[in-house]
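Below is the file final-v8.cif, which contains mmCIF, C-alpha atoms.
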data_upload
loop_
_atom_site.label_atom_id
_atom_site.label_comp_id
_atom_site.auth_asym_id
_atom_site.auth_seq_id
_atom_site.Cartn_x
_atom_site.Cartn_y
_atom_site.Cartn_z
CA MET A 17 -45.50 -4.03 28.86
CA ASP A 18 -42.83 -6.28 30.30
CA ASP A 19 -44.56 -9.29 28.80
CA LEU A 20 -44.26 -7.68 25.40
CA LEU A 21 -40.68 -6.53 25.72
CA ALA A 22 -39.17 -9.58 27.36
CA PRO A 23 -39.10 -11.78 24.20
CA VAL A 24 -37.69 -8.92 22.17
CA GLN A 25 -35.01 -8.35 24.76
CA ASP A 26 -34.16 -12.05 24.80
CA LEU A 27 -33.86 -12.07 21.05
CA LEU A 28 -31.53 -9.07 21.00
CA GLU A 29 -29.41 -10.32 23.85
CA GLY A 30 -29.12 -13.77 22.33
CA GLN A 31 -27.87 -15.45 25.42
CA ILE A 32 -26.28 -18.89 25.15
CA ASP A 33 -25.28 -21.44 27.75
CA PHE A 34 -21.81 -22.00 29.17
CA HIS A 35 -21.06 -24.89 26.87
CA GLY A 36 -22.08 -22.78 23.87
CA GLN A 37 -19.86 -19.95 25.05
CA ARG A 38 -16.83 -22.22 25.11
CA ILE A 39 -17.64 -23.40 21.58
CA THR A 40 -18.07 -19.87 20.21
CA VAL A 41 -14.76 -18.68 21.65
CA ARG A 42 -12.85 -21.51 20.03
CA LEU A 43 -14.86 -21.37 16.81
CA SER A 44 -14.40 -17.64 16.25
CA THR A 45 -10.64 -17.79 16.92
CA ALA A 46 -10.14 -20.81 14.69
CA LEU A 47 -12.30 -19.56 11.82
CA LEU A 48 -10.67 -16.13 11.69
CA ILE A 49 -7.15 -17.58 11.71
CA ILE A 50 -7.99 -20.24 9.11
CA PHE A 51 -9.68 -17.81 6.72
CA SER A 52 -6.89 -15.26 6.94
CA ALA A 53 -4.26 -17.98 6.43
CA ILE A 54 -6.14 -19.20 3.33
CA GLY A 55 -6.41 -15.61 2.11
CA PHE A 56 -2.70 -15.03 2.60
CA VAL A 57 -1.66 -18.20 0.79
CA VAL A 58 -4.11 -17.75 -2.08
CA GLY A 59 -3.17 -14.10 -2.49
CA TYR A 60 0.52 -14.92 -2.45
CA ILE A 61 0.21 -17.74 -4.99
CA GLN A 62 -2.03 -15.70 -7.29
CA GLN A 63 0.16 -12.64 -6.67
CA ASP A 64 -2.90 -10.52 -5.99
CA ILE A 65 -3.34 -8.85 -2.63
CA HIS A 66 -7.00 -8.14 -3.37
CA LEU A 67 -7.76 -11.84 -3.01
CA THR A 68 -6.27 -11.79 0.49
CA LEU A 69 -8.45 -8.81 1.37
CA TRP A 70 -11.69 -10.32 0.09
CA ILE A 71 -11.10 -13.80 1.51
CA THR A 72 -10.28 -12.39 4.94
CA LEU A 73 -13.28 -10.06 4.92
CA ALA A 74 -15.61 -12.83 3.74
CA GLY A 75 -14.16 -15.11 6.42
CA THR A 76 -14.87 -12.52 9.08
CA LEU A 77 -18.46 -12.26 7.83
CA VAL A 78 -18.87 -16.04 7.91
CA THR A 79 -17.40 -16.15 11.42
CA ALA A 80 -19.77 -13.45 12.60
CA LEU A 81 -22.75 -15.30 11.11
CA ALA A 82 -21.66 -18.55 12.73
CA VAL A 83 -21.02 -17.12 16.14
CA VAL A 84 -23.12 -14.03 16.80
CA PRO A 85 -26.73 -15.31 16.51
CA PRO A 86 -27.81 -17.61 19.36
CA TRP A 87 -28.06 -20.77 17.25
CA PRO A 88 -29.86 -23.62 19.02
CA VAL A 89 -26.59 -25.62 19.16
CA TYR A 90 -25.22 -23.11 21.63
CA ASN A 91 -28.18 -23.65 23.96
CA SER A 92 -28.23 -27.46 23.96
CA HIS A 93 -26.62 -27.83 27.39
CA PRO A 94 -28.76 -25.70 29.65
CA GLU A 95 -27.59 -25.24 33.21
CA LYS A 96 -29.64 -27.30 35.68
CA TRP A 97 -30.54 -24.63 38.16
CA PHE A 98 -32.36 -25.61 41.36
CA THR A 99 -35.91 -24.48 41.07
CA GLN A 100 -37.24 -22.32 43.80
CA GLY A 101 -38.35 -24.21 46.89
CA THR A 102 -36.81 -27.54 46.03
CA GLY A 103 -33.61 -26.86 47.92
CA LYS A 104 -33.46 -28.82 51.17
CA THR A 105 -31.36 -26.40 53.13
CA ASN A 106 -32.51 -27.81 56.45
CA ILE A 107 -30.84 -31.12 55.77
CA ALA A 108 -27.74 -30.11 53.83
CA GLY A 109 -27.24 -26.86 55.59
CA ILE A 110 -25.41 -23.89 54.13
CA VAL A 111 -22.28 -22.95 56.00
CA VAL A 112 -20.93 -19.44 55.69
CA ASP A 113 -17.74 -18.68 57.60
CA GLY A 114 -18.35 -21.67 59.84
CA ILE A 115 -21.77 -20.55 60.85
CA LYS A 116 -24.77 -22.51 59.78
CA VAL A 117 -27.32 -20.32 58.08
CA LYS A 118 -30.85 -21.34 57.26
CA MET B 12 -19.46 -14.52 24.87
CA HIS B 13 -22.76 -14.70 26.74
CA SER B 14 -24.69 -12.19 24.61
CA ALA B 15 -24.90 -11.40 20.90
CA VAL B 16 -23.33 -7.95 21.28
CA ASN B 17 -20.50 -9.43 23.28
CA ARG B 18 -19.81 -12.05 20.61
CA ALA B 19 -19.93 -9.48 17.81
CA GLN B 20 -17.42 -7.37 19.70
CA SER B 21 -15.02 -10.20 20.27
CA VAL B 22 -15.20 -11.34 16.63
CA PHE B 23 -14.43 -7.82 15.43
CA SER B 24 -11.72 -7.41 18.04
CA PHE B 25 -9.92 -10.55 16.97
CA PHE B 26 -10.45 -9.64 13.31
CA THR B 27 -8.45 -6.44 13.85
CA THR B 28 -5.64 -8.45 15.41
CA VAL B 29 -5.67 -10.92 12.51
CA ALA B 30 -5.72 -8.09 9.97
CA PHE B 31 -2.75 -6.44 11.67
CA VAL B 32 -0.70 -9.63 11.66
CA LEU B 33 -1.68 -10.28 8.04
CA ALA B 34 -0.58 -6.79 7.03
CA GLY B 35 2.72 -7.30 8.83
CA LEU B 36 3.38 -10.62 7.10
CA THR B 37 2.39 -9.14 3.74
CA SER B 38 4.79 -6.24 4.11
CA LEU B 39 7.55 -8.70 5.04
CA THR B 40 7.00 -10.79 1.88
CA VAL B 41 8.41 -7.86 -0.11
CA LEU B 42 11.80 -9.00 1.18
CA LEU B 43 11.38 -12.06 -1.04
CA TYR B 44 11.42 -9.78 -4.11
CA PRO B 45 14.67 -7.82 -3.83
CA ALA B 46 14.50 -6.93 -7.54
CA HIS B 47 18.15 -7.44 -8.43
CA ASP B 48 17.30 -7.43 -12.14
CA VAL B 49 16.20 -3.81 -12.22
CA THR B 50 18.24 -1.90 -14.75
CA SER B 51 18.16 1.77 -15.58
CA SER B 52 20.33 4.26 -17.35
CA VAL B 53 20.06 7.93 -18.10
CA GLN B 54 22.05 10.05 -20.53
CA LEU B 55 22.16 13.76 -21.11
CA LYS B 56 21.02 14.85 -24.55
CA ASN B 57 20.94 18.58 -24.36
CA VAL B 58 21.05 21.30 -21.76
CA GLN B 59 20.25 24.98 -21.99
CA VAL B 60 20.40 27.69 -19.38
CA LEU B 61 17.91 30.50 -19.84
CA LYS B 62 16.96 33.50 -17.80
CA GLY B 63 13.45 33.65 -16.50
CA ARG B 64 11.20 34.77 -13.71
CA PRO B 65 9.82 32.46 -11.04
CA MET B 66 6.36 33.91 -11.70
CA TYR B 67 4.71 36.53 -13.80
CA TYR B 68 4.77 39.37 -11.30
CA SER B 69 8.25 38.70 -10.05
CA THR B 70 10.92 41.27 -10.83
CA LYS B 71 13.70 38.88 -9.88
CA LYS B 72 15.37 37.07 -12.74
CA GLU B 73 16.89 33.65 -12.29
CA ASP B 74 18.76 31.10 -14.37
CA TYR B 75 16.78 28.05 -15.35
CA ALA B 76 18.34 24.89 -16.67
CA GLN B 77 16.28 23.06 -19.28
CA ILE B 78 17.55 19.53 -19.70
CA LYS B 79 16.79 16.89 -22.29
CA PHE B 80 17.77 13.31 -21.64
CA ASP B 81 17.46 9.69 -22.75
CA LEU B 82 16.16 7.16 -20.27
CA ASP B 83 16.14 3.38 -20.47
CA ALA B 84 14.76 1.39 -17.58
CA ASP B 85 13.34 -2.04 -16.90
CA LEU B 86 11.58 -1.73 -13.57
CA THR B 87 9.28 -4.75 -13.96
CA PRO B 88 10.92 -6.71 -11.10
CA LEU B 89 9.70 -4.00 -8.71
CA PHE B 90 6.10 -5.04 -9.30
CA ASN B 91 5.06 -7.78 -6.91
CA TRP B 92 1.76 -8.62 -5.24
CA ASN B 93 2.20 -5.82 -2.73
CA THR B 94 3.05 -3.05 -5.20
CA LYS B 95 0.44 -0.36 -5.64
CA GLN B 96 2.40 2.01 -7.83
CA LEU B 97 5.85 3.16 -8.71
CA PHE B 98 7.12 6.72 -8.61
CA VAL B 99 10.04 7.11 -10.98
CA TYR B 100 12.10 10.27 -11.19
CA VAL B 101 15.28 11.74 -12.62
CA ILE B 102 17.43 13.88 -10.39
CA ALA B 103 20.01 16.45 -11.42
CA SER B 104 22.60 16.75 -8.69
CA TYR B 105 25.48 19.15 -8.43
CA SER B 106 27.49 20.86 -5.77
CA SER B 107 26.35 24.37 -5.03
CA ALA B 108 29.09 24.97 -2.47
CA SER B 109 32.31 26.87 -3.02
CA PRO B 110 35.26 24.59 -3.89
CA LYS B 111 36.67 24.52 -0.37
CA ASP B 112 33.37 23.39 1.18
CA ARG B 113 32.66 20.81 -1.49
CA GLU B 114 33.58 17.91 0.77
CA THR B 115 31.23 18.82 3.60
CA VAL B 116 28.22 20.46 2.00
CA PRO B 117 25.78 17.96 0.53
CA TYR B 118 24.99 18.12 -3.15
CA THR B 119 21.96 19.99 -4.37
CA GLU B 120 19.44 17.57 -5.85
CA SER B 121 16.51 18.62 -8.01
CA ILE B 122 13.95 16.40 -9.64
CA ILE B 123 13.75 17.33 -13.31
CA TRP B 124 11.28 14.68 -14.46
CA ASP B 125 8.98 12.14 -12.83
CA THR B 126 6.17 9.76 -13.57
CA ILE B 127 3.82 7.40 -11.75
CA ILE B 128 3.50 3.84 -13.02
CA PRO B 129 0.46 2.16 -11.46
CA ALA B 130 0.47 -1.60 -10.99
CA PRO B 131 -1.67 -3.52 -13.49
CA GLU B 132 -5.33 -3.40 -12.55
CA SER B 133 -6.30 -6.50 -10.63
CA ALA B 134 -9.32 -8.50 -11.79
CA TYR B 135 -10.38 -8.54 -8.14
CA SER B 136 -10.05 -4.86 -7.33
CA LEU B 137 -13.11 -3.03 -6.08
CA THR B 138 -13.64 -1.17 -9.35
CA ALA B 139 -13.15 -4.33 -11.44
CA LEU B 140 -15.61 -6.30 -9.32
CA ARG B 141 -18.15 -3.50 -9.36
CA GLU B 142 -17.82 -3.31 -13.13
CA GLN B 143 -18.39 -7.03 -13.37
CA TYR B 144 -21.31 -7.45 -10.95
CA TRP B 145 -22.93 -4.02 -10.78
CA PRO B 146 -22.12 -2.49 -14.16
CA ALA B 147 -23.34 1.00 -14.84
CA LYS B 148 -26.54 0.92 -16.88
CA SER B 149 -25.14 2.48 -20.04
CA THR B 150 -21.94 0.44 -20.34
CA LYS B 151 -23.34 -2.62 -22.06
CA ARG B 152 -20.07 -3.39 -23.76
CA SER B 153 -18.23 -3.73 -20.46
CA THR B 154 -19.12 -7.43 -20.34
CA THR B 155 -17.23 -8.14 -23.52
CA LYS B 156 -14.33 -6.01 -22.43
CA LYS B 157 -14.12 -7.85 -19.12
CA SER B 158 -13.30 -11.18 -20.68
CA ASN B 159 -9.87 -10.23 -21.93
CA THR B 160 -8.64 -8.49 -18.76
CA LYS B 161 -7.92 -11.73 -16.93
CA LYS B 162 -4.30 -12.45 -16.26
CA PRO B 163 -1.84 -9.83 -17.44
CA LYS B 164 0.87 -11.51 -19.45
CA LYS B 165 4.51 -10.68 -19.12
CA ALA B 166 4.40 -8.59 -22.27
CA ASP B 167 2.04 -5.92 -21.00
CA GLU B 168 3.50 -5.69 -17.52
CA PRO B 169 4.35 -2.10 -16.78
CA GLY B 170 7.71 -0.79 -15.78
CA VAL B 171 9.62 -0.67 -19.07
CA LEU B 172 10.60 2.88 -19.90
CA ARG B 173 12.28 4.00 -23.08
CA LEU B 174 12.51 7.75 -23.50
CA ARG B 175 14.37 9.49 -26.28
CA ASN B 176 15.27 13.16 -26.11
CA GLN B 177 12.80 13.59 -23.31
CA ARG B 178 12.28 17.17 -22.25
CA ALA B 179 12.46 17.70 -18.48
CA LYS B 180 9.13 18.40 -16.78
CA TYR B 181 10.67 20.90 -14.43
CA GLN B 182 13.17 23.63 -15.26
CA ILE B 183 15.49 23.87 -12.33
CA THR B 184 17.06 26.73 -10.52
CA ASP B 185 18.25 27.11 -6.97
CA ILE B 186 18.35 29.65 -4.18
CA THR B 187 21.35 31.49 -5.62
CA GLY B 188 19.54 32.08 -8.89
CA LYS B 189 22.69 31.13 -10.80
CA MET B 190 22.71 27.96 -12.84
CA ALA B 191 24.96 28.80 -15.76
CA GLU B 192 28.39 27.13 -15.90
CA ARG B 193 27.84 24.91 -12.90
CA GLU B 194 30.20 21.98 -13.04
CA ASN B 195 29.97 18.28 -12.36
CA VAL B 196 26.26 17.86 -12.79
CA THR B 197 24.98 14.29 -12.94
CA LEU B 198 21.58 12.86 -13.74
CA THR B 199 20.38 9.95 -11.61
CA VAL B 200 17.38 7.67 -11.93
CA GLY B 201 15.49 7.07 -8.71
CA TRP B 202 12.26 5.42 -7.69
CA ASN B 203 9.88 4.88 -4.81
CA VAL B 204 7.92 1.65 -4.58
CA GLN B 205 4.59 2.39 -2.95
CA PRO B 206 3.14 -0.84 -1.54
CA TRP B 207 -0.43 -1.67 -0.57
CA VAL B 208 0.75 -2.27 2.98
CA GLY B 209 4.15 -1.69 4.51
CA ALA B 210 7.04 0.64 4.09
CA LEU B 211 7.89 2.94 1.19
CA TRP B 212 10.88 1.47 -0.63
CA TRP B 213 13.55 3.72 -2.14
CA SER B 214 16.05 3.16 -4.90
CA PRO B 215 19.59 2.13 -4.07
CA GLY B 216 22.09 4.92 -3.81
CA THR B 217 19.70 7.36 -2.17
CA GLY B 218 20.88 6.31 1.29
CA ALA B 219 17.30 5.85 2.41
CA VAL B 220 16.12 2.77 4.27
CA PRO B 221 14.54 0.49 3.23
CA HIS B 222 15.71 0.39 -0.36
CA THR B 223 15.37 -2.12 -3.16
CA ALA B 224 18.18 -3.79 -5.03
CA GLY B 225 18.85 -3.15 -8.70
CA GLY B 226 20.79 -0.61 -10.66
CA ALA B 227 19.92 3.05 -10.37
CA GLY B 228 21.33 4.63 -13.50
CA ARG B 229 23.63 7.61 -13.30
CA SER B 230 24.84 9.71 -16.19
CA GLU B 231 28.37 10.89 -16.69
CA ALA B 232 29.20 14.26 -15.23
CA PHE B 233 28.61 17.30 -17.40
CA ASP B 234 28.69 21.04 -17.02
CA PHE B 235 25.91 23.49 -17.54
CA PRO B 236 26.65 25.81 -20.48
CA ALA B 237 26.88 29.55 -20.34
CA LEU B 238 23.70 31.54 -20.33
CA LYS B 239 21.41 31.19 -23.35
CA GLY B 240 23.92 28.97 -25.09
CA SER B 241 23.06 25.49 -26.19
CA THR B 242 25.48 22.61 -26.10
CA LYS B 243 24.89 19.37 -27.88
CA ALA B 244 25.92 16.46 -25.75
CA ALA B 245 26.33 13.85 -28.40
CA THR B 246 27.35 11.03 -26.11
CA GLY B 247 26.27 12.54 -22.81
CA GLY B 248 29.91 12.72 -21.88
CA SER B 249 31.65 15.32 -19.85
CA GLN B 250 32.54 18.52 -21.63
CA LYS B 251 34.67 21.41 -20.67
CA ALA B 252 33.43 24.85 -21.60
#
Turn the structure described in the file into structure tokens.
Amino acid sequence: MDDLLAPVQDLLEGQIDFHGQRITVRLSTALLIIFSAIGFVVGYIQQDIHLTLWITLAGTLVTALAVVPPWPVYNSHPEKWFTQGTGKTNIAGIVVDGIKVK
Amino acid sequence: MHSAVNRAQSVFSFFTTVAFVLAGLTSLTVLLYPAHDVTSSVQLKNVQVLKGRPMYYSTKKEDYAQIKFDLDADLTPLFNWNTKQLFVYVIASYSSASPKDRETVPYTESIIWDTIIPAPESAYSLTALREQYWPAKSTKRSTTKKSNTKKPKKADEPGVLRLRNQRAKYQITDITGKMAERENVTLTVGWNVQPWVGALWWSPGTGAVPHTAGGAGRSEAFDFPALKGSTKAATGGSQKA
């Protein structure tokens, strides 16, 4: 059962790497501000507040589409975890509170 | 931002912040349209005081003042991009206090007539867009009608009122039940600008904040006639009974 559910869970969670997370934070902030600024200016020039509303809402939708799904770009810098058993703790040694642990 | 739900939440969260700031800025832009060019004037045409009952079953009889007036107003400067509609009204105000209290007791104010002037329908409003892209099945002619509702020209902008011998919507009385021979009554034009976002704007002279610029018309003082009598106010000027 786990074998079946794991891919589904991955898809729903849509995890991205650290580099991707930094991009999405900046991208979502920038896109939302830019779209609302465009909406404000266009609405003011055209003297129609409905334009501001629609442009801002459309911008939010675009931002959500750009940021929410785990696009491959956001997973292009995977973290290089040590694989199990490759760590040479005997040589390097791990020191916790001054005491060498295995 | 590690998971999809988390990203959706943060996008929506920041969207609410952006929308709030946008609404604040929009409501502040109204300050750029102080509407100094608003003009309005109201003149009394005729006033009658009649006896009547507040409702059918009531045994109490009260005086009711029925007023007719002329109104000229150009309220077009009050319509800007953030105006949803305009509430325009005419107030009759008089002092209901005894002469010695007249300085301290505020005047009685009653709305005798009002109207709502909606802003011109935007080509991008929800109903207009729905009409354009998802028209109802039977309204085939809506496509042809759509083409000429583009940009409203100056001519058909709302806000110009010209009323002649307009009968008041509301007959007025007050708590004393006596309206006949009241003195120093004036009619005043007032308005509320209802915006899409932001504060409700009042007309100048009401003392309310915030209020727009412009001229709120006020008639000359007149007196209510004796009961059941009718007085012609040829020039709307003050008359002594």
Any chance you could work out the residue set of the PyMOL selection byres ((chain B) within 6 of (chain A)) here, as an mmCIF file with C-alpha atoms, in the frame of the given file?
data_model
loop_
_atom_site.group_PDB
_atom_site.id
_atom_site.type_symbol
_atom_site.label_atom_id
_atom_site.label_comp_id
_atom_site.auth_asym_id
_atom_site.auth_seq_id
_atom_site.Cartn_x
_atom_site.Cartn_y
_atom_site.Cartn_z
ATOM 1 C CA MET B 12 -19.460 -14.520 24.870
ATOM 2 C CA HIS B 13 -22.760 -14.700 26.740
ATOM 3 C CA SER B 14 -24.690 -12.190 24.610
ATOM 4 C CA ALA B 15 -24.900 -11.400 20.900
ATOM 5 C CA ARG B 18 -19.810 -12.050 20.610
ATOM 6 C CA ALA B 19 -19.930 -9.480 17.810
ATOM 7 C CA TRP B 92 1.760 -8.620 -5.240
ATOM 8 C CA TYR B 135 -10.380 -8.540 -8.140
ATOM 9 C CA SER B 136 -10.050 -4.860 -7.330
#
Two-atom distance - atom CA of Asp185 of chain B, atom CA of Lys79 of chain B (Å):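 So the answer is 18.5 Å.
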If you apply the PyMOL selection byres ((chain B and resi 45) around 8) to this file, what residues do you get, as a PDB file with C-alpha atoms, keeping the file's coordinate frame?
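Produced file result.pdb, reproduced below:
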ATOM      1  CA  VAL B  41       8.410  -7.860  -0.110  1.00  0.00           C
ATOM      2  CA  LEU B  42      11.800  -9.000   1.180  1.00  0.00           C
ATOM      3  CA  LEU B  43      11.380 -12.060  -1.040  1.00  0.00           C
ATOM      4  CA  TYR B  44      11.420  -9.780  -4.110  1.00  0.00           C
ATOM      5  CA  ALA B  46      14.500  -6.930  -7.540  1.00  0.00           C
ATOM      6  CA  HIS B  47      18.150  -7.440  -8.430  1.00  0.00           C
ATOM      7  CA  LEU B  89       9.700  -4.000  -8.710  1.00  0.00           C
ATOM      8  CA  THR B 223      15.370  -2.120  -3.160  1.00  0.00           C
ATOM      9  CA  ALA B 224      18.180  -3.790  -5.030  1.00  0.00           C
ATOM     10  CA  GLY B 225      18.850  -3.150  -8.700  1.00  0.00           C
TER      11      GLY B 225
END
Residue members of the PyMOL selection byres ((chain B and resi 204) around 9) in the file shown, as a ChimeraX atom specification: /B:89-90,94-99,202-203,205-206,210-214,222-223
Computed interatomic separation between atom CA of Phe235 of chain B and atom CA of Tyr68 of chain B (Å):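 Atom CA of Phe235 of chain B sits 27.2 Å away from atom CA of Tyr68 of chain B.
Taking atom CA of Pro117 of chain B and atom CA of Lys180 of chain B as endpoints, the distance between them is 24.0 Å.
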Who sits within 6 Å of segment 187-201 of chain B, all atoms listed in the file, same chain under 5 positions skipped, as a list in words: Val60, Glu73, Asp74, Val99, Tyr100, Val101, Ile102, Ala103, Ser104, Tyr105, Ser214, Ala227, Gly228, Arg229, Ser230, Ala232, Phe233, Asp234, Phe235, Pro236, Ala237 and Leu238 of chain B
